Amino acid sequence: MPDITLQSISVMIDGGAHDGQLVLSDGHLVAVLSRVTAEETTGGRGQAEGWFLEAGFGPCGLLMSVSPPVFAEMEEAIAWVRNRLDAGISAP
C-alpha cells in the first residue's frame with residue numbers, strides 16, 4: 001500500500017486564495033485538492049461543499065473531465081486516491 005501524505009498549500013482559484021492540499025504517494029505528487037464552498041461548485045450533479053480535485057497526475061489524472069469530483073471529507077479524497085493507485089489506473 002502506498003504511503004499517502006498531505007502537504008498544506010494555498011491555491012489561487014478565481015482570484016482568491018483557498019486552503020489546499022498536495023497529495024503525495026510515496027513522495028510523488030498525484031493530486032492537488034482545494035477546499036470549496038457549495039456556491040463555488042457547478043456541474044450537472046448539483047452543488048457540493050468539500051475538497052475539489054484541481055489537478056490529478058498519473059493514476060489520478062484520468063478523471064479530469066467536465067465535472068471533477070468534490071469530496072465531502074478529506075478521508076474520502078484519500079480513499080479515492082488509494083483506490084486509483086491500487087487499481088493501477090493510468091492516463092493514456
# chains A, B, ... in the order shown; residues from 1 in each chain; ligands from 1
$ closest_atom_pairs --of "region 50-82 of chain A" --to "region 14-24 of chain A" --cutoff "10 Å" --atoms "only C-alpha atoms" --output "tab-separated table"
residue	atom	partner	partner_atom	distance
A:Trp51	CA	A:Gly20	CA	8.3
A:Phe52	CA	A:Gly20	CA	9.2
A:Leu53	CA	A:Gln21	CA	9.9
A:Glu54	CA	A:Gly20	CA	9.4
A:Ala55	CA	A:Leu22	CA	9.7
A:Gly56	CA	A:Val23	CA	9.3
A:Met74	CA	A:Gln21	CA	9.4
A:Ala77	CA	A:Val23	CA	9.5
A:Ile78	CA	A:Val23	CA	8.2
A:Val81	CA	A:Val23	CA	8.5
$ write_last_selection --atoms "C-alpha atoms" --output "PDB file, in the first residue's frame"
ATOM      1  CA  TRP A  51     -12.400  19.153  -1.439  1.00  0.00           C
ATOM      2  CA  PHE A  52     -12.258  19.724  -5.187  1.00  0.00           C
ATOM      3  CA  LEU A  53      -9.813  17.854  -7.439  1.00  0.00           C
ATOM      4  CA  GLU A  54      -7.986  20.763  -9.104  1.00  0.00           C
ATOM      5  CA  ALA A  55      -5.421  18.537 -10.795  1.00  0.00           C
ATOM      6  CA  GLY A  56      -4.611  14.847 -10.914  1.00  0.00           C
ATOM      7  CA  MET A  74     -10.504  14.664   3.131  1.00  0.00           C
ATOM      8  CA  ALA A  77     -10.454  12.041  -1.165  1.00  0.00           C
ATOM      9  CA  ILE A  78      -7.611   9.939   0.253  1.00  0.00           C
ATOM     10  CA  VAL A  81      -6.574   8.297  -4.398  1.00  0.00           C
TER      11      VAL A  81
END
$ select_by_dssp --residues "chain A" --states "alpha helix (DSSP H)" --output "number ranges by chain"
A: 74-87
$ atom_distance --atom1 "CA of Arg35 (chain A)" --atom2 "CA of Arg84 (chain A)"
20.8 Å
$ select_by_dssp --residues "chain A" --states "strand (DSSP E)" --output "NGL selection string"
:A and (4-13 or 16-25 or 28-36 or 50-56 or 70-71)
